[in-house]
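K.L.:
The structure under discussion is supplied below as structure tokens; questions concerning it will follow.
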Amino acid sequence: MAENSSNLYKIIFTLSLIVIVVIVGVLAFSKPLLTYKTDMQESLLDDLNQKDAWFYPWQLTDVLNENKKHVILFDIRNDYDYGQGHIPGAENIPVIDLTQKNFIKRLKNLSEKNITVVLYGKDQLQANGPWMLFRQVGFNNVKVLLGGYNYYIQHKDNLAATQSDSTFLKGTPMYDYAELAAPKDSSNINQTNEKKPVEIRRRKKTTVVAGGC
């Protein structure tokens, strides 16, 4: 009888421990910080066809003159590059910190206040990824600066004139792929691949040691 009672206590203790673990697990479980609203393909189709998803260089004129106070600029380059020069009024949020909890909370707060967030990197390519991520998770107030910082530096003295310019959409290729893919001069190839005649050298017959077979 005592043994059965002991086993019963063990069962109750084990069940109680399991329940405690489950409760702790439920309480510790936190909601994901970011959840996707659209997939990559849907986001690309929507944003690439909506010009209001972009921020044009000439629009910086009103921002710099403080005519647009509902716009905030975030420079996503590293601290060093930001210190070397940046768009006046822009805050520095390195790209590795964009998904931190504090920044996400701030984005939500800015979205609720209908404030436009403009991301820019050294070029547009650097900011495209973060911009697309935030659009996918539902931050429709986030835009990307076309051309990036490099384009701004080249035209900062007359940003209004960039309205008739479209070179910020082209970007700067890292490699000249057309040159790399172009066929080489066949004459040079033939010369380098031309086989030299093989010279056959016969081994000299060695003399037989005296007394051999």
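Every chain in the structure tokens takes a letter, A first, then B, and so on in the order presented; its residues are numbered from 1, and the ligands are numbered from 1 following the presented order.
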For Ile93 in chain A, please output as a list in words all residues within 9 Å (counting only C-alpha atoms; exclusion window: fewer than 4 positions along the same chain).
P.N.:
Phe74, Asp75, Ile76, Arg77, Asn78, Asp79, Asp97, Leu98 and Phe103 of chain A
K.L.:
Show which residues sit within 8 Å of Val117 in chain A, as an MDAnalysis selection string. Count only C-alpha atoms, and ignore same-chain residues fewer than 4 positions away.
P.N.:
chainID A and resid 71:74 110 141:143
K.L.:
Let's have the selection written as a CSV table (one decimal), in the first residue's frame, with N, CA and C atoms.
P.N.:
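Writing the result to part-v3.csv gives the following:
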chain,number,residue,atom,x,y,z
A,71,VAL,N,8.9,64.1,-43.2
A,71,VAL,CA,9.8,63.2,-43.8
A,71,VAL,C,11.1,63.1,-42.9
A,72,ILE,N,11.6,61.9,-42.7
A,72,ILE,CA,12.8,61.7,-41.9
A,72,ILE,C,13.7,60.8,-42.8
A,73,LEU,N,15.0,61.2,-42.8
A,73,LEU,CA,16.0,60.5,-43.6
A,73,LEU,C,16.9,59.6,-42.7
A,74,PHE,N,17.1,58.4,-43.1
A,74,PHE,CA,18.0,57.5,-42.4
A,74,PHE,C,19.1,57.0,-43.3
A,110,LEU,N,6.5,56.0,-36.1
A,110,LEU,CA,6.5,56.9,-37.3
A,110,LEU,C,5.4,56.6,-38.2
A,141,ASN,N,5.1,53.3,-45.3
A,141,ASN,CA,5.6,54.6,-45.2
A,141,ASN,C,7.1,54.7,-45.5
A,142,VAL,N,7.7,53.5,-45.7
A,142,VAL,CA,9.2,53.5,-46.0
A,142,VAL,C,9.5,53.6,-47.5
A,143,LYS,N,10.4,54.5,-47.8
A,143,LYS,CA,10.7,54.7,-49.2
A,143,LYS,C,12.2,54.6,-49.4
K.L.:
As a PDB file with N, CA and C atoms, in the first residue's frame, please: the residues near Trp58 in chain A (cut-off 12 Å, only C-alpha atoms, same-chain neighbours under 3 positions excluded).
P.N.:
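Final file, part.pdb:
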ATOM      1  N   TRP A  54       8.847  55.287 -54.044  1.00  0.00           N
ATOM      2  CA  TRP A  54      10.206  55.795 -54.191  1.00  0.00           C
ATOM      3  C   TRP A  54      10.290  57.235 -53.714  1.00  0.00           C
ATOM      4  N   PHE A  55      11.501  57.684 -53.441  1.00  0.00           N
ATOM      5  CA  PHE A  55      11.742  59.084 -53.091  1.00  0.00           C
ATOM      6  C   PHE A  55      12.756  59.626 -54.074  1.00  0.00           C
ATOM      7  N   THR A  61      14.956  68.685 -51.945  1.00  0.00           N
ATOM      8  CA  THR A  61      15.002  70.144 -51.835  1.00  0.00           C
ATOM      9  C   THR A  61      14.061  70.649 -50.757  1.00  0.00           C
ATOM     10  N   ASP A  62      12.822  70.173 -50.775  1.00  0.00           N
ATOM     11  CA  ASP A  62      11.843  70.601 -49.769  1.00  0.00           C
ATOM     12  C   ASP A  62      12.219  70.100 -48.377  1.00  0.00           C
ATOM     13  N   VAL A  63      12.803  68.892 -48.324  1.00  0.00           N
ATOM     14  CA  VAL A  63      13.196  68.336 -47.026  1.00  0.00           C
ATOM     15  C   VAL A  63      14.320  69.170 -46.421  1.00  0.00           C
ATOM     16  N   LEU A  64      15.323  69.503 -47.230  1.00  0.00           N
ATOM     17  CA  LEU A  64      16.464  70.277 -46.744  1.00  0.00           C
ATOM     18  C   LEU A  64      16.062  71.707 -46.381  1.00  0.00           C
ATOM     19  N   ASN A  65      15.050  72.228 -47.060  1.00  0.00           N
ATOM     20  CA  ASN A  65      14.550  73.573 -46.745  1.00  0.00           C
ATOM     21  C   ASN A  65      13.482  73.554 -45.659  1.00  0.00           C
ATOM     22  N   LEU A 145      15.641  56.248 -51.375  1.00  0.00           N
ATOM     23  CA  LEU A 145      16.120  57.400 -52.147  1.00  0.00           C
ATOM     24  C   LEU A 145      16.768  56.904 -53.433  1.00  0.00           C
ATOM     25  N   LEU A 146      16.191  57.245 -54.553  1.00  0.00           N
ATOM     26  CA  LEU A 146      16.729  56.819 -55.840  1.00  0.00           C
ATOM     27  C   LEU A 146      18.104  57.460 -56.069  1.00  0.00           C
ATOM     28  N   GLY A 147      19.048  56.626 -56.465  1.00  0.00           N
ATOM     29  CA  GLY A 147      20.407  57.108 -56.714  1.00  0.00           C
ATOM     30  C   GLY A 147      21.318  57.040 -55.512  1.00  0.00           C
ATOM     31  N   TYR A 151      24.663  59.772 -55.789  1.00  0.00           N
ATOM     32  CA  TYR A 151      23.966  60.645 -56.747  1.00  0.00           C
ATOM     33  C   TYR A 151      23.689  62.007 -56.114  1.00  0.00           C
ATOM     34  N   TYR A 152      23.339  61.991 -54.837  1.00  0.00           N
ATOM     35  CA  TYR A 152      23.084  63.259 -54.142  1.00  0.00           C
ATOM     36  C   TYR A 152      24.325  64.145 -54.147  1.00  0.00           C
ATOM     37  N   HIS A 155      24.905  65.977 -57.361  1.00  0.00           N
ATOM     38  CA  HIS A 155      23.904  66.957 -57.796  1.00  0.00           C
ATOM     39  C   HIS A 155      23.358  67.813 -56.651  1.00  0.00           C
ATOM     40  N   LYS A 156      24.037  67.799 -55.504  1.00  0.00           N
ATOM     41  CA  LYS A 156      23.489  68.497 -54.334  1.00  0.00           C
ATOM     42  C   LYS A 156      23.352  70.006 -54.536  1.00  0.00           C
ATOM     43  N   ASP A 157      24.157  70.597 -55.439  1.00  0.00           N
ATOM     44  CA  ASP A 157      24.102  72.042 -55.652  1.00  0.00           C
ATOM     45  C   ASP A 157      22.919  72.461 -56.513  1.00  0.00           C
ATOM     46  N   ASN A 158      22.302  71.523 -57.186  1.00  0.00           N
ATOM     47  CA  ASN A 158      21.143  71.848 -58.026  1.00  0.00           C
ATOM     48  C   ASN A 158      20.214  70.640 -58.122  1.00  0.00           C
ATOM     49  N   LEU A 159      19.641  70.254 -56.988  1.00  0.00           N
ATOM     50  CA  LEU A 159      18.781  69.072 -56.944  1.00  0.00           C
ATOM     51  C   LEU A 159      17.523  69.242 -57.778  1.00  0.00           C
ATOM     52  N   ALA A 160      17.044  70.475 -57.904  1.00  0.00           N
ATOM     53  CA  ALA A 160      15.819  70.710 -58.673  1.00  0.00           C
ATOM     54  C   ALA A 160      15.991  70.300 -60.129  1.00  0.00           C
ATOM     55  N   ALA A 161      17.214  70.441 -60.654  1.00  0.00           N
ATOM     56  CA  ALA A 161      17.474  70.109 -62.054  1.00  0.00           C
ATOM     57  C   ALA A 161      17.424  68.607 -62.307  1.00  0.00           C
ATOM     58  N   THR A 162      17.511  67.801 -61.253  1.00  0.00           N
ATOM     59  CA  THR A 162      17.513  66.346 -61.444  1.00  0.00           C
ATOM     60  C   THR A 162      16.138  65.813 -61.834  1.00  0.00           C
ATOM     61  N   GLN A 163      15.116  66.694 -61.802  1.00  0.00           N
ATOM     62  CA  GLN A 163      13.774  66.243 -62.165  1.00  0.00           C
ATOM     63  C   GLN A 163      13.696  65.856 -63.643  1.00  0.00           C
ATOM     64  N   SER A 164      14.574  66.454 -64.454  1.00  0.00           N
ATOM     65  CA  SER A 164      14.607  66.119 -65.881  1.00  0.00           C
ATOM     66  C   SER A 164      15.685  65.099 -66.196  1.00  0.00           C
ATOM     67  N   ASP A 165      16.293  64.543 -65.148  1.00  0.00           N
ATOM     68  CA  ASP A 165      17.379  63.572 -65.318  1.00  0.00           C
ATOM     69  C   ASP A 165      16.885  62.196 -64.863  1.00  0.00           C
ATOM     70  N   SER A 166      17.336  61.157 -65.522  1.00  0.00           N
ATOM     71  CA  SER A 166      16.912  59.806 -65.139  1.00  0.00           C
ATOM     72  C   SER A 166      18.095  58.873 -64.921  1.00  0.00           C
ATOM     73  N   PHE A 168      19.741  58.417 -62.344  1.00  0.00           N
ATOM     74  CA  PHE A 168      19.737  57.779 -61.025  1.00  0.00           C
ATOM     75  C   PHE A 168      19.089  56.407 -61.072  1.00  0.00           C
TER      76      PHE A 168
END
K.L.:
Looking only at strand (DSSP E or B) from DSSP on the backbone, list the matching residues of range 108-158 of chain A as a PDB file with N, CA and C atoms, in the first residue's frame.
P.N.:
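Output file selection_7.pdb follows:
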ATOM      1  N   THR A 116       6.880  59.888 -43.326  1.00  0.00           N
ATOM      2  CA  THR A 116       7.580  59.128 -44.359  1.00  0.00           C
ATOM      3  C   THR A 116       9.022  58.878 -43.954  1.00  0.00           C
ATOM      4  N   VAL A 117       9.457  57.633 -44.064  1.00  0.00           N
ATOM      5  CA  VAL A 117      10.827  57.239 -43.750  1.00  0.00           C
ATOM      6  C   VAL A 117      11.568  56.977 -45.053  1.00  0.00           C
ATOM      7  N   VAL A 118      12.678  57.664 -45.243  1.00  0.00           N
ATOM      8  CA  VAL A 118      13.474  57.509 -46.467  1.00  0.00           C
ATOM      9  C   VAL A 118      14.813  56.895 -46.120  1.00  0.00           C
ATOM     10  N   LEU A 119      15.104  55.743 -46.708  1.00  0.00           N
ATOM     11  CA  LEU A 119      16.375  55.063 -46.499  1.00  0.00           C
ATOM     12  C   LEU A 119      17.323  55.369 -47.651  1.00  0.00           C
ATOM     13  N   TYR A 120      18.596  55.571 -47.335  1.00  0.00           N
ATOM     14  CA  TYR A 120      19.582  55.705 -48.407  1.00  0.00           C
ATOM     15  C   TYR A 120      20.921  55.132 -47.960  1.00  0.00           C
ATOM     16  N   VAL A 142       7.746  53.532 -45.707  1.00  0.00           N
ATOM     17  CA  VAL A 142       9.197  53.483 -45.952  1.00  0.00           C
ATOM     18  C   VAL A 142       9.470  53.580 -47.452  1.00  0.00           C
ATOM     19  N   LYS A 143      10.358  54.490 -47.818  1.00  0.00           N
ATOM     20  CA  LYS A 143      10.730  54.676 -49.219  1.00  0.00           C
ATOM     21  C   LYS A 143      12.244  54.597 -49.358  1.00  0.00           C
ATOM     22  N   VAL A 144      12.697  54.474 -50.588  1.00  0.00           N
ATOM     23  CA  VAL A 144      14.131  54.420 -50.862  1.00  0.00           C
ATOM     24  C   VAL A 144      14.506  55.628 -51.708  1.00  0.00           C
ATOM     25  N   LEU A 145      15.641  56.248 -51.375  1.00  0.00           N
ATOM     26  CA  LEU A 145      16.120  57.400 -52.147  1.00  0.00           C
ATOM     27  C   LEU A 145      16.768  56.904 -53.433  1.00  0.00           C
TER      28      LEU A 145
END
K.L.:
Which residue is closest to Lys105 in chain A? Choose from A:Trp131, A:Tyr56, A:Phe139, A:Tyr80 and count only C-alpha atoms.
P.N.:
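Smallest separation from Lys105 in chain A among the options: A:Phe139.
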K.L.:
Which one of A:Gly121, A:Gln154, A:Gln59, A:Met132 sits closest to Asn92 in chain A if you count only C-alpha atoms?
P.N.:
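Ranked by minimum distance to Asn92 in chain A, first place goes to A:Gly121.
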